[in-house]
>>> print(open('final10.txt').read())   # compact mmCIF, C-alpha atoms and all ligand atoms
# COMPACT_ATOMS: atom_id res chain seq x y z
CA MET V 1 207.37 44.42 -25.52
CA SER V 2 207.53 41.21 -27.54
CA PHE V 3 204.90 38.98 -29.10
CA ASP V 4 207.48 36.26 -29.80
CA ARG V 5 206.37 34.11 -26.88
CA LEU V 6 202.75 34.36 -27.93
CA ALA V 7 203.23 33.96 -31.67
CA LYS V 8 202.61 30.24 -32.04
CA HIS V 9 199.55 30.37 -29.76
CA TYR V 10 198.01 33.45 -31.35
CA ARG V 11 195.96 31.64 -33.98
CA TRP V 12 194.24 29.10 -31.73
CA MET V 13 193.65 31.70 -29.03
CA GLU V 14 191.98 33.95 -31.56
CA PHE V 15 189.88 31.04 -32.85
CA VAL V 16 188.73 30.05 -29.37
CA LEU V 17 188.01 33.60 -28.16
CA ALA V 18 186.72 35.30 -31.28
CA GLY V 19 186.09 32.75 -34.03
CA GLU V 20 186.18 34.59 -37.37
CA ARG V 21 185.07 37.96 -35.95
CA LEU V 22 188.49 39.64 -36.00
CA GLN V 23 189.21 38.36 -39.48
CA ARG V 24 185.92 39.85 -40.71
CA CYS V 25 187.06 43.19 -39.27
CA ARG V 26 190.48 42.92 -40.91
CA THR V 27 189.06 42.25 -44.36
CA ALA V 28 185.88 44.38 -44.18
CA PHE V 29 187.10 47.06 -46.61
CA LEU V 30 189.81 45.22 -48.50
CA ARG V 31 187.72 45.14 -51.67
CA GLN V 32 187.58 48.97 -51.67
CA ALA V 33 191.40 49.07 -51.69
CA ALA V 34 191.81 46.57 -54.53
CA GLU V 35 193.46 49.12 -56.86
CA ARG V 36 196.22 50.02 -54.42
CA THR V 37 199.75 49.11 -55.48
CA ARG V 38 202.10 50.01 -52.60
CA VAL V 39 201.01 48.59 -49.28
CA LEU V 40 202.45 49.09 -45.81
CA ILE V 41 201.13 46.67 -43.16
CA VAL V 42 202.38 47.44 -39.67
CA GLY V 43 202.08 44.95 -36.81
CA GLU V 44 200.82 42.28 -39.21
CA GLY V 45 201.15 39.39 -36.79
CA ASN V 46 200.82 35.86 -38.14
CA GLY V 47 199.79 36.72 -41.69
CA ARG V 48 196.04 36.20 -41.75
CA PHE V 49 195.41 39.65 -43.24
CA LEU V 50 198.53 39.44 -45.38
CA VAL V 51 197.31 36.39 -47.33
CA GLU V 52 193.96 38.01 -48.07
CA CYS V 53 195.75 41.19 -49.10
CA ARG V 54 198.05 39.17 -51.38
CA ARG V 55 195.01 37.52 -52.99
CA ALA V 56 192.98 40.70 -53.40
CA LEU V 57 195.79 43.03 -54.55
CA GLY V 58 197.58 40.79 -57.02
CA ARG V 59 199.90 43.47 -58.42
CA ALA V 60 200.78 45.23 -55.20
CA GLU V 61 204.17 45.49 -53.55
CA ILE V 62 203.68 44.84 -49.87
CA MET V 63 205.90 45.85 -46.99
CA CYS V 64 205.08 43.93 -43.87
CA VAL V 65 206.57 45.24 -40.63
CA ASP V 66 206.54 43.57 -37.24
CA ALA V 67 208.69 43.71 -34.12
CA SER V 68 208.26 39.95 -33.60
CA ALA V 69 210.57 37.76 -35.68
CA ARG V 70 208.35 34.76 -34.91
CA MET V 71 205.21 36.51 -36.10
CA LEU V 72 207.00 37.49 -39.32
CA ALA V 73 208.17 33.90 -39.85
CA LEU V 74 204.60 32.63 -39.34
CA ALA V 75 203.28 35.22 -41.77
CA ARG V 76 205.79 34.18 -44.43
CA GLU V 77 205.05 30.46 -43.86
CA ARG V 78 201.32 31.09 -44.20
CA VAL V 79 201.76 32.85 -47.56
CA VAL V 80 203.93 30.01 -48.87
CA ARG V 81 201.68 27.27 -47.45
CA LEU V 82 198.70 28.73 -49.26
CA GLY V 83 200.58 28.65 -52.54
CA LEU V 84 200.90 32.43 -52.87
CA SER V 85 203.99 34.29 -53.94
CA VAL V 86 206.25 36.03 -51.44
CA GLY V 87 208.05 37.65 -54.36
CA GLN V 88 206.62 41.12 -53.89
CA ILE V 89 206.42 41.01 -50.13
CA GLU V 90 209.17 42.59 -48.06
CA PHE V 91 209.25 41.37 -44.46
CA VAL V 92 210.77 43.98 -42.15
CA HIS V 93 211.72 43.07 -38.62
CA ALA V 94 211.59 46.40 -36.81
CA ASP V 95 210.17 48.32 -33.90
CA ALA V 96 207.65 50.69 -35.45
CA LEU V 97 208.34 53.20 -32.67
CA THR V 98 211.88 53.78 -33.92
CA TRP V 99 211.77 52.50 -37.52
CA ARG V 100 211.63 55.18 -40.20
CA PRO V 101 209.67 54.18 -43.33
CA PRO V 102 210.33 55.83 -46.68
CA GLU V 103 208.25 59.00 -47.00
CA ASN V 104 205.42 59.63 -49.46
CA THR V 105 205.54 56.06 -50.75
CA PHE V 106 202.49 53.95 -49.85
CA ASP V 107 198.95 54.27 -51.16
CA LEU V 108 197.58 51.82 -48.59
CA VAL V 109 198.48 51.71 -44.90
CA VAL V 110 197.09 48.93 -42.71
CA THR V 111 197.12 48.83 -38.91
CA HIS V 112 194.88 46.04 -37.66
CA PHE V 113 194.69 45.43 -33.91
CA PHE V 114 198.04 47.19 -33.66
CA LEU V 115 197.51 50.73 -32.37
CA ASP V 116 195.81 49.26 -29.29
CA CYS V 117 199.29 48.10 -28.18
CA PHE V 118 200.40 51.68 -27.51
CA ARG V 119 199.91 54.55 -25.10
CA ALA V 120 198.20 57.69 -26.36
CA GLU V 121 201.39 59.68 -27.04
CA GLN V 122 202.86 56.70 -28.90
CA VAL V 123 199.72 56.34 -31.04
CA GLY V 124 200.04 60.02 -31.95
CA ARG V 125 203.68 59.60 -32.96
CA LEU V 126 203.04 56.38 -34.90
CA VAL V 127 200.14 57.84 -36.84
CA GLY V 128 202.34 60.84 -37.71
CA VAL V 129 205.20 58.67 -39.00
CA LEU V 130 202.90 56.35 -40.97
CA ALA V 131 200.93 59.29 -42.40
CA ALA V 132 204.24 60.74 -43.67
CA ALA V 133 205.01 57.36 -45.29
CA ALA V 134 201.66 57.48 -47.08
CA ARG V 135 201.23 59.26 -50.39
CA GLU V 136 199.19 62.44 -50.60
CA GLU V 137 196.26 60.29 -51.75
CA ALA V 138 196.10 57.15 -49.68
CA THR V 139 193.79 54.71 -47.98
CA TRP V 140 194.23 53.63 -44.37
CA LEU V 141 192.51 50.46 -43.16
CA LEU V 142 192.27 50.09 -39.43
CA ALA V 143 190.50 47.51 -37.30
CA ASP V 144 190.58 47.64 -33.53
CA PHE V 145 188.82 47.32 -30.22
CA ARG V 146 186.71 50.14 -28.87
CA VAL V 147 184.60 51.09 -25.87
CA PRO V 148 181.02 52.21 -26.57
CA GLU V 149 180.05 55.55 -25.00
CA ARG V 150 177.16 54.33 -22.87
CA GLY V 151 174.86 51.51 -21.89
CA LEU V 152 175.42 47.92 -20.91
CA SER V 153 177.65 47.38 -23.92
CA ARG V 154 180.06 49.93 -22.43
CA TYR V 155 180.39 47.94 -19.19
CA ARG V 156 180.72 44.71 -21.13
CA ALA V 157 183.52 46.23 -23.23
CA LEU V 158 185.29 47.70 -20.20
CA ILE V 159 185.40 44.26 -18.56
CA ILE V 160 186.70 42.60 -21.73
CA HIS V 161 189.33 45.33 -22.20
CA ARG V 162 190.44 45.04 -18.59
CA LEU V 163 190.99 41.27 -18.96
CA MET V 164 192.61 41.62 -22.36
CA TYR V 165 195.11 44.25 -21.24
CA LEU V 166 195.90 42.29 -18.10
CA PHE V 167 196.68 39.24 -20.24
CA PHE V 168 198.72 41.06 -22.91
CA ARG V 169 200.61 43.17 -20.37
CA THR V 170 201.68 39.97 -18.61
CA ALA V 171 202.37 37.90 -21.73
CA THR V 172 204.12 40.52 -23.88
CA GLY V 173 205.18 43.38 -21.59
CA LEU V 174 202.78 45.77 -23.30
CA SER V 175 202.89 49.19 -21.63
CA ALA V 176 199.45 50.44 -22.77
CA ARG V 177 196.61 50.11 -20.27
CA ARG V 178 193.71 51.05 -22.51
CA VAL V 179 192.86 51.55 -26.13
CA THR V 180 193.48 55.02 -27.58
CA GLU V 181 191.11 56.17 -30.29
CA ALA V 182 193.15 57.17 -33.34
CA ASP V 183 190.45 59.27 -35.05
CA GLY V 184 191.79 62.69 -34.01
CA PHE V 185 195.36 61.80 -35.03
CA LEU V 186 194.26 60.52 -38.44
CA GLU V 187 192.16 63.65 -39.04
CA ARG V 188 195.11 65.84 -38.08
CA HIS V 189 197.09 64.21 -40.88
CA GLY V 190 194.40 64.80 -43.48
CA PHE V 191 192.58 61.45 -43.40
CA ARG V 192 188.78 61.39 -43.43
CA LEU V 193 186.66 58.49 -42.24
CA ARG V 194 184.76 57.08 -45.23
CA GLU V 195 183.33 53.87 -43.78
CA ARG V 196 183.11 52.35 -40.34
CA GLU V 197 181.59 49.03 -39.33
CA VAL V 198 180.94 48.55 -35.63
CA SER V 199 180.27 45.01 -34.40
CA GLU V 200 180.07 42.79 -31.33
CA TRP V 201 177.92 45.20 -29.26
CA GLY V 202 180.29 48.04 -30.05
CA LEU V 203 183.44 46.16 -29.04
CA LEU V 204 185.04 46.09 -32.49
CA HIS V 205 185.34 48.54 -35.33
CA SER V 206 186.68 48.38 -38.82
CA ASP V 207 187.47 51.61 -40.66
CA ARG V 208 188.32 52.87 -44.09
CA TRP V 209 190.03 56.27 -43.98
CA GLU V 210 190.98 58.17 -47.12
CA ARG V 211 193.26 61.13 -47.76
CA THR V 212 192.53 62.84 -51.05
CA GLU V 213 193.62 66.09 -52.63
CA PHE V 214 190.08 67.36 -52.00
CA GLY V 215 190.34 66.67 -48.27
C1 LIG P 301 197.82 42.39 -31.11
S1 LIG P 301 198.90 41.82 -32.35
C2 LIG P 301 197.92 42.08 -33.80
C3 LIG P 301 198.37 41.25 -34.94
C4 LIG P 301 197.53 41.33 -36.21
N1 LIG P 301 197.70 42.61 -36.88
C5 LIG P 301 196.08 41.06 -35.98
O1 LIG P 301 195.26 41.66 -36.67
O2 LIG P 301 195.75 40.22 -35.15
C6 LIG P 301 200.05 43.14 -32.46
C7 LIG P 301 201.15 42.88 -33.44
O3 LIG P 301 201.95 44.07 -33.49
C8 LIG P 301 203.29 43.72 -33.32
N2 LIG P 301 203.95 44.83 -32.63
C9 LIG P 301 203.76 45.20 -31.34
N3 LIG P 301 204.53 46.27 -31.05
C10 LIG P 301 205.21 46.56 -32.18
C11 LIG P 301 206.16 47.55 -32.52
N4 LIG P 301 206.59 48.45 -31.62
N5 LIG P 301 206.64 47.57 -33.78
C12 LIG P 301 206.22 46.67 -34.70
N6 LIG P 301 205.34 45.70 -34.43
C13 LIG P 301 204.83 45.64 -33.19
C14 LIG P 301 203.31 42.44 -32.51
O4 LIG P 301 204.50 41.72 -32.68
C15 LIG P 301 202.08 41.74 -33.06
O5 LIG P 301 202.38 40.97 -34.19
>>> encode(input="final10.txt", output="structure tokens")
Amino acid sequence: MSFDRLAKHYRWMEFVLAGERLQRCRTAFLRQAAERTRVLIVGEGNGRFLVECRRALGRAEIMCVDASARMLALARERVVRLGLSVGQIEFVHADALTWRPPENTFDLVVTHFFLDCFRAEQVGRLVGVLAAAAREEATWLLADFRVPERGLSRYRALIIHRLMYLFFRTATGLSARRVTEADGFLERHGFRLREREVSEWGLLHSDRWERTEFG
């Protein structure tokens, strides 16, 4: 799977198809994580979340991981273009399925529109590896697509997902066919859902998960 081919089109495609909706999901709970100092962003893409993270968490060290060299280059360019410092940002070109992050290190993990790229067993493995990279007390911000349980909004979402997966499977070689809910995996690793915003007739969600010593 590679997003290299798509990288330079990603921004305008997002603008045309979703306007600012995805960005609102990405940044929904950033303010609540403002005190975090070691950040791991996985599957960052072209840097739209990264720049807001850089602005909001001025002191933080950020590790930004992506399997697409072009996405990483765009993310770096965006930070520089907006006059922000790349000094405390480490860009890591790696496949998250095989990459091993340092353990017990990060107090903020971010996976925005990333886990939807993977099959269920891969999501389980990824959440396990990233949870081990997180400190005992950590925040996890996650935005993604979802399918409502019932009603017309469910059928609407199923059609949108079908088209989306068809496109991404063709353009990037994605092997996933549907979105896998990560809730159970996160709970298994001690994270508890603190806030969730659902938008666009149930198509999108933005979550803040916390792991604390009190569970
Ligand atoms: C759907 S895009 C989402 C990008 C961005 N996070 C957003 O909010 O729009 C998925 C991103 O994950 C990256 N990615 C996909 N598979 C990956 C993997 N196995 N390891 C690391 N990054 C991966 C892609 O290169 C791409 O940048």
>>> atom_distance(input="final10.txt", atom1="atom CA of V:Asn46", atom2="atom CA of V:Thr105")
24.3 Å
>>> closest_residue(input="final10.txt", among="V:Phe185, V:Phe191, V:Phe168, V:Phe118", to="V:Glu136", atoms="only C-alpha atoms")
V:Phe191
>>> axis_aligned_box(input="final10.txt", around="stretch 189-202 of chain V", padding_each_side="4 Å", output="JSON")
{"center_x": 187.5, "center_y": 53.8, "center_z": -37.2, "size_x": 27.2, "size_y": 30.0, "size_z": 24.0}
>>> closest_residue(input="final10.txt", among="V:Arg31, V:Arg81, V:His9, V:His93", to="ligand LIG 301 (chain P)", atoms="all atoms listed in the file")
V:His93
>>> residues_around(input="final10.txt", residues="V:Ser2", least_positions_apart="5", cutoff="7 Å", atoms="only C-alpha atoms", output="ChimeraX atom specification")
/V:68,172-173
>>> atom_distance(input="final10.txt", atom1="atom O4 of ligand LIG 301 (chain P)", atom2="atom CA of V:Val39")
18.3 Å
>>> atom_distance(input="final10.txt", atom1="atom CA of V:Thr180", atom2="atom CA of V:Phe114")
10.9 Å
